[in-house]
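File shown: data_25.cif (mmCIF, C-alpha atoms).
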```cif
data_query
loop_
_atom_site.label_atom_id
_atom_site.label_comp_id
_atom_site.auth_asym_id
_atom_site.auth_seq_id
_atom_site.Cartn_x
_atom_site.Cartn_y
_atom_site.Cartn_z
CA MET Q 1 97.70 102.48 98.00
CA LYS Q 2 98.07 98.78 97.25
CA LEU Q 3 101.46 97.48 96.13
CA LEU Q 4 100.37 96.54 92.59
CA GLU Q 5 97.57 99.05 92.06
CA GLY Q 6 96.94 99.70 88.35
CA LYS Q 7 99.41 97.08 87.12
CA THR Q 8 98.62 94.11 84.86
CA ALA Q 9 100.19 90.73 85.58
CA LEU Q 10 100.40 87.69 83.31
CA ILE Q 11 100.90 84.43 85.21
CA THR Q 12 101.35 81.09 83.46
CA GLY Q 13 100.16 77.74 84.82
CA ALA Q 14 97.95 79.53 87.31
CA ALA Q 15 94.77 77.47 87.75
CA ARG Q 16 96.04 75.76 90.91
CA GLY Q 17 98.87 75.51 93.40
CA ILE Q 18 101.60 78.15 93.48
CA GLY Q 19 100.31 79.89 90.35
CA LYS Q 20 96.84 80.28 91.81
CA ALA Q 21 98.23 81.63 95.08
CA ILE Q 22 100.23 84.23 93.14
CA THR Q 23 97.20 85.37 91.14
CA LEU Q 24 95.11 85.80 94.29
CA LYS Q 25 97.88 87.66 96.13
CA PHE Q 26 98.54 89.96 93.18
CA ALA Q 27 94.80 90.63 92.82
CA SER Q 28 94.53 91.46 96.54
CA GLU Q 29 97.28 94.04 95.95
CA GLY Q 30 95.31 95.66 93.13
CA ALA Q 31 96.75 94.05 89.99
CA ASN Q 32 94.60 93.12 87.03
CA ILE Q 33 95.19 89.48 86.18
CA ALA Q 34 95.68 87.56 82.95
CA PHE Q 35 96.51 83.92 83.53
CA THR Q 36 97.07 80.84 81.44
CA ASP Q 37 96.65 77.14 81.89
CA LEU Q 38 96.61 74.20 79.52
CA ALA Q 39 92.81 74.23 79.55
CA LEU Q 40 90.12 76.45 81.04
CA ASP Q 41 88.67 73.62 83.10
CA GLU Q 42 86.70 73.74 86.36
CA ASN Q 43 89.81 74.64 88.35
CA ALA Q 44 90.64 77.53 86.03
CA LEU Q 45 87.08 78.87 86.06
CA ALA Q 46 86.97 78.64 89.87
CA THR Q 47 90.25 80.55 90.08
CA MET Q 48 88.87 83.21 87.76
CA LYS Q 49 85.84 83.63 90.01
CA GLU Q 50 88.00 84.01 93.12
CA ILE Q 51 90.06 86.69 91.39
CA GLU Q 52 86.93 88.54 90.26
CA ASN Q 53 85.84 88.67 93.89
CA LYS Q 54 88.96 90.75 94.61
CA GLY Q 55 87.48 93.56 92.49
CA VAL Q 56 90.02 93.52 89.66
CA ASN Q 57 89.82 92.66 85.96
CA VAL Q 58 90.70 89.07 85.08
CA LYS Q 59 90.79 86.85 82.03
CA GLY Q 60 91.96 83.27 81.63
CA TYR Q 61 93.56 81.89 78.49
CA ALA Q 62 93.94 78.27 77.40
CA SER Q 63 97.56 77.95 76.34
CA ASP Q 64 100.22 75.38 75.57
CA ALA Q 65 103.10 77.38 77.02
CA ALA Q 66 105.64 75.27 75.15
CA ASN Q 67 104.22 76.37 71.78
CA PHE Q 68 106.17 79.37 70.45
CA GLU Q 69 103.55 80.75 68.03
CA GLU Q 70 100.65 80.22 70.44
CA THR Q 71 102.52 81.98 73.23
CA HIS Q 72 103.13 85.06 71.08
CA GLN Q 73 99.45 85.18 70.18
CA ILE Q 74 98.45 84.95 73.86
CA VAL Q 75 100.73 87.85 74.77
CA ALA Q 76 99.35 89.96 71.92
CA ASP Q 77 95.80 89.14 73.04
CA VAL Q 78 96.56 90.11 76.65
CA VAL Q 79 98.05 93.45 75.58
CA LYS Q 80 95.00 94.10 73.40
CA GLU Q 81 92.65 93.24 76.29
CA PHE Q 82 94.47 95.00 79.13
CA GLY Q 83 96.55 97.62 77.34
CA ARG Q 84 99.89 96.57 78.82
CA ILE Q 85 101.72 93.88 80.80
CA ASP Q 86 103.78 95.06 83.75
CA ILE Q 87 104.55 91.71 85.38
CA LEU Q 88 105.26 88.29 83.87
CA VAL Q 89 105.41 85.22 86.10
CA ASN Q 90 106.68 82.10 84.33
CA ASN Q 91 105.17 79.47 86.59
CA ALA Q 92 104.03 76.75 84.15
CA GLY Q 93 105.73 73.48 84.98
CA ILE Q 94 105.48 69.71 85.16
CA ALA Q 95 107.51 66.87 86.67
CA ARG Q 96 108.26 63.50 85.10
CA ASP Q 97 110.69 62.05 87.63
CA ASN Q 98 112.85 59.02 86.96
CA LEU Q 99 116.38 57.80 87.44
CA MET Q 100 118.73 58.67 84.57
CA LEU Q 101 119.11 54.97 83.76
CA ARG Q 102 115.35 54.66 83.25
CA MET Q 103 114.45 58.09 81.89
CA ASN Q 104 113.24 58.12 78.32
CA GLU Q 105 113.56 60.85 75.71
CA GLN Q 106 109.91 61.83 75.98
CA GLN Q 107 110.20 62.45 79.73
CA TRP Q 108 113.23 64.65 79.14
CA ASP Q 109 111.73 66.61 76.24
CA MET Q 110 108.37 67.19 77.94
CA VAL Q 111 109.88 68.66 81.10
CA ILE Q 112 112.41 70.84 79.28
CA GLY Q 113 109.69 72.03 76.90
CA VAL Q 114 107.06 72.92 79.48
CA ASN Q 115 109.37 74.19 82.21
CA LEU Q 116 112.13 75.98 80.31
CA LYS Q 117 111.11 76.57 76.70
CA SER Q 118 107.81 78.05 77.87
CA ALA Q 119 109.69 80.71 79.85
CA PHE Q 120 111.76 81.57 76.79
CA ASN Q 121 108.58 81.76 74.71
CA PHE Q 122 106.83 84.21 77.02
CA ILE Q 123 109.90 86.36 77.65
CA HIS Q 124 110.59 86.51 73.90
CA ALA Q 125 106.99 87.53 73.24
CA ILE Q 126 106.74 90.11 76.00
CA THR Q 127 110.11 91.83 75.60
CA PRO Q 128 109.08 94.26 72.81
CA TYR Q 129 106.10 95.47 74.85
CA MET Q 130 108.10 95.94 78.05
CA MET Q 131 110.88 97.71 76.14
CA LYS Q 132 108.31 100.11 74.69
CA GLN Q 133 106.95 100.72 78.21
CA LYS Q 134 110.52 101.12 79.50
CA GLY Q 135 109.78 98.89 82.45
CA GLY Q 136 108.54 95.57 83.72
CA SER Q 137 109.22 92.75 86.15
CA ILE Q 138 109.87 89.19 84.97
CA ILE Q 139 109.68 86.47 87.62
CA ASN Q 140 110.80 82.93 86.77
CA MET Q 141 109.86 79.98 88.95
CA SER Q 142 112.97 77.89 89.51
CA SER Q 143 113.50 75.40 92.38
CA VAL Q 144 116.05 74.49 95.00
CA VAL Q 145 116.79 71.38 92.91
CA GLY Q 146 117.81 73.76 90.13
CA VAL Q 147 120.43 75.09 92.52
CA SER Q 148 121.66 71.86 94.08
CA GLY Q 149 120.39 69.04 91.82
CA ASN Q 150 118.47 65.99 92.97
CA ALA Q 151 118.71 62.28 92.25
CA GLY Q 152 115.82 61.04 90.16
CA GLN Q 153 115.07 64.50 88.81
CA THR Q 154 117.74 65.18 86.20
CA ASN Q 155 115.20 66.57 83.73
CA TYR Q 156 113.38 68.73 86.29
CA SER Q 157 116.64 69.93 87.89
CA ALA Q 158 118.12 70.79 84.49
CA SER Q 159 115.02 72.76 83.51
CA LYS Q 160 115.04 74.71 86.76
CA ALA Q 161 118.79 75.37 86.57
CA GLY Q 162 118.17 76.64 83.05
CA MET Q 163 115.62 79.07 84.46
CA ILE Q 164 118.35 80.57 86.63
CA GLY Q 165 120.71 81.07 83.70
CA LEU Q 166 117.86 82.52 81.65
CA THR Q 167 116.96 84.92 84.47
CA LYS Q 168 120.47 86.24 84.96
CA SER Q 169 121.06 86.70 81.23
CA VAL Q 170 117.75 88.51 80.68
CA ALA Q 171 118.48 90.76 83.66
CA LYS Q 172 121.76 91.80 82.05
CA GLU Q 173 120.25 92.26 78.60
CA LEU Q 174 117.17 94.25 79.59
CA GLY Q 175 118.22 96.13 82.71
CA SER Q 176 119.10 99.27 80.76
CA ARG Q 177 115.48 99.37 79.57
CA GLY Q 178 114.13 99.36 83.10
CA ILE Q 179 113.14 95.68 82.95
CA ARG Q 180 114.01 93.51 85.93
CA ALA Q 181 114.28 89.71 85.96
CA ASN Q 182 114.49 87.54 89.06
CA ALA Q 183 113.91 83.91 89.97
CA ILE Q 184 112.28 82.22 92.94
CA ALA Q 185 113.62 78.83 94.04
CA PRO Q 186 110.94 77.15 96.19
CA GLY Q 187 111.82 74.18 98.34
CA TYR Q 188 109.32 71.64 99.58
CA ILE Q 189 105.95 73.32 98.99
CA VAL Q 190 102.75 71.45 99.81
CA THR Q 191 100.84 71.33 96.49
CA ASP Q 192 99.12 68.79 94.27
CA MET Q 193 102.50 68.09 92.66
CA THR Q 194 104.05 67.02 95.99
CA ALA Q 195 100.92 65.25 97.25
CA SER Q 196 101.95 62.10 95.41
CA LEU Q 197 105.05 61.73 97.59
CA SER Q 198 104.95 59.07 100.27
CA ASP Q 199 104.61 60.02 103.93
CA ALA Q 200 108.14 58.72 104.50
CA VAL Q 201 109.57 61.02 101.84
CA ARG Q 202 107.63 64.02 103.14
CA ASP Q 203 108.76 63.33 106.71
CA GLU Q 204 112.38 63.01 105.59
CA TRP Q 205 112.20 66.33 103.74
CA THR Q 206 110.65 68.06 106.73
CA LYS Q 207 113.51 66.88 108.95
CA GLN Q 208 115.97 68.63 106.60
CA ILE Q 209 114.16 71.98 106.85
CA PRO Q 210 115.32 74.25 109.69
CA LEU Q 211 111.82 75.72 110.02
CA ARG Q 212 110.52 72.13 110.38
CA ARG Q 213 107.59 72.46 108.00
CA GLY Q 214 106.80 72.36 104.34
CA GLY Q 215 105.99 75.65 102.72
CA VAL Q 216 102.58 76.64 101.41
CA PRO Q 217 101.86 78.32 98.06
CA GLU Q 218 101.17 81.60 99.84
CA ASP Q 219 104.79 81.67 101.05
CA VAL Q 220 105.96 81.74 97.44
CA ALA Q 221 103.25 84.24 96.48
CA ASN Q 222 104.56 86.67 99.09
CA VAL Q 223 108.05 86.55 97.59
CA ALA Q 224 106.60 87.02 94.11
CA THR Q 225 104.67 90.07 95.30
CA PHE Q 226 107.89 91.63 96.60
CA LEU Q 227 109.61 91.02 93.25
CA ALA Q 228 106.63 92.34 91.28
CA SER Q 229 106.32 95.54 93.29
CA GLY Q 230 108.32 98.71 93.69
CA LEU Q 231 109.71 97.34 96.95
CA SER Q 232 112.27 95.46 94.82
CA ALA Q 233 113.02 98.33 92.42
CA TYR Q 234 116.78 97.79 92.80
CA VAL Q 235 116.69 93.98 92.73
CA THR Q 236 117.43 92.14 89.48
CA GLY Q 237 119.28 89.01 88.37
CA GLN Q 238 118.74 87.38 91.75
CA VAL Q 239 117.57 83.93 92.87
CA ILE Q 240 115.54 84.05 96.05
CA ARG Q 241 115.25 80.71 97.82
CA CYS Q 242 111.88 80.20 99.48
CA CYS Q 243 112.66 76.95 101.24
CA GLY Q 244 112.56 77.37 105.01
CA GLY Q 245 116.36 77.12 105.06
CA MET Q 246 116.38 73.73 103.32
CA ASN Q 247 118.95 74.95 100.79
CA MET Q 248 121.19 77.72 102.14
#
```
Show this structure as structure tokens.
Amino acid sequence: MKLLEGKTALITGAARGIGKAITLKFASEGANIAFTDLALDENALATMKEIENKGVNVKGYASDAANFEETHQIVADVVKEFGRIDILVNNAGIARDNLMLRMNEQQWDMVIGVNLKSAFNFIHAITPYMMKQKGGSIINMSSVVGVSGNAGQTNYSASKAGMIGLTKSVAKELGSRGIRANAIAPGYIVTDMTASLSDAVRDEWTKQIPLRRGGVPEDVANVATFLASGLSAYVTGQVIRCCGGMNM
């Protein structure tokens, strides 16, 4: 039997990168997939097709994850379509890097809204359904910079540190209802978001990683699969660093 056979997963920000890798891995383990992205563009439709080829049910939803009312409607629609939601992966995120001296209010608000408020929105919306089911797994995508901080990323680091506090608090609140909450803190993962970095920066990061390579989205997807499955039935409130030893 596959690890996620018969389960339904909702993954946000999943048309590309880490989110896409998680959807494909979950689907390969038998989960039905609902995923969101800001728009159902060519990338989202291509992702949907790849998931369909895994032989599971899939539906994509256009969603502004930072919008409270819209998020609650999406969750209600997913439950109506699939019957239940067993796994929530809060992966939606953006970066607007700048030094504190030069960062403007819009850069701060956008990153906090998309990265942190979106996670609150989805958890708030999904909690009544998971409580009724008496079970569920919530996985929040944090970052090693949420653990250690990083110059030039005060907004991003703050949002990802907030994800850790959110995770630990939700784990304590909902554990008695059989609902688990954990966070993944990826390090340097080769995605479209990191592609804009200069070769010099990428080389410098690689030198700091004991495994001497950047991670790939599938590395994070494997950790997410563990947290989504029964293999982690006694794991909650934890932050798992998927960083090649970059941040120990």
Using CA of Ala9 in chain Q and CA of Ser159 in chain Q as the two end points, give the distance in Å to one decimal.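 Computed distance, CA of Ala9 in chain Q to CA of Ser159 in chain Q, equals 23.4 Å.
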Given the PyMOL selection byres ((chain Q and resi 81-87) around 7), the residues it picks as a list in words: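 Selection result, ordered by chain and number: Lys7, Thr8, Ala9, Leu10, Asp77, Val78, Val79, Lys80, Leu88, Val89, Gly136, Ser137, Ile138 and Ala228 of chain Q.
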I'd like the residues picked by the PyMOL selection byres ((chain Q and resi 54-57) around 8) written out as a VMD selection string, using the chain letters and numbers from the file. chain Q and resid 24 27 to 28 30 to 33 50 to 53 58 to 59
Could you pull out every residue with an atom within 8 Å of (90.2, 81.7, 85.4), file coordinates, counting all atoms listed in the file, and send them as number ranges by chain? Q: 15, 35-36, 40, 43-49, 51, 58-61
Between CA of Met110 in chain Q and CA of Thr167 in chain Q, what is the distance, to one decimal in Å?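 Result for CA of Met110 in chain Q versus CA of Thr167 in chain Q: 20.8 Å, one decimal.
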Expanded to explicit residues, what is the PyMOL selection byres ((chain Q and resi 185) around 10) for this file, as a ChimeraX atom specification? /Q:140-147,160-161,163-164,183-184,186-187,220,239-243,247
Between CA of Ser118 in chain Q and CA of Ser63 in chain Q, what distance in Å does the model show, to one decimal?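 A separation of 10.4 Å between them.
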Box centre and edge lengths (Å, one decimal), axis-aligned, range 67-75 of chain Q plus 3 Å each side, as JSON:
```
{"center_x": 102.3, "center_y": 82.1, "center_z": 71.4, "size_x": 13.7, "size_y": 17.5, "size_z": 12.7}
```
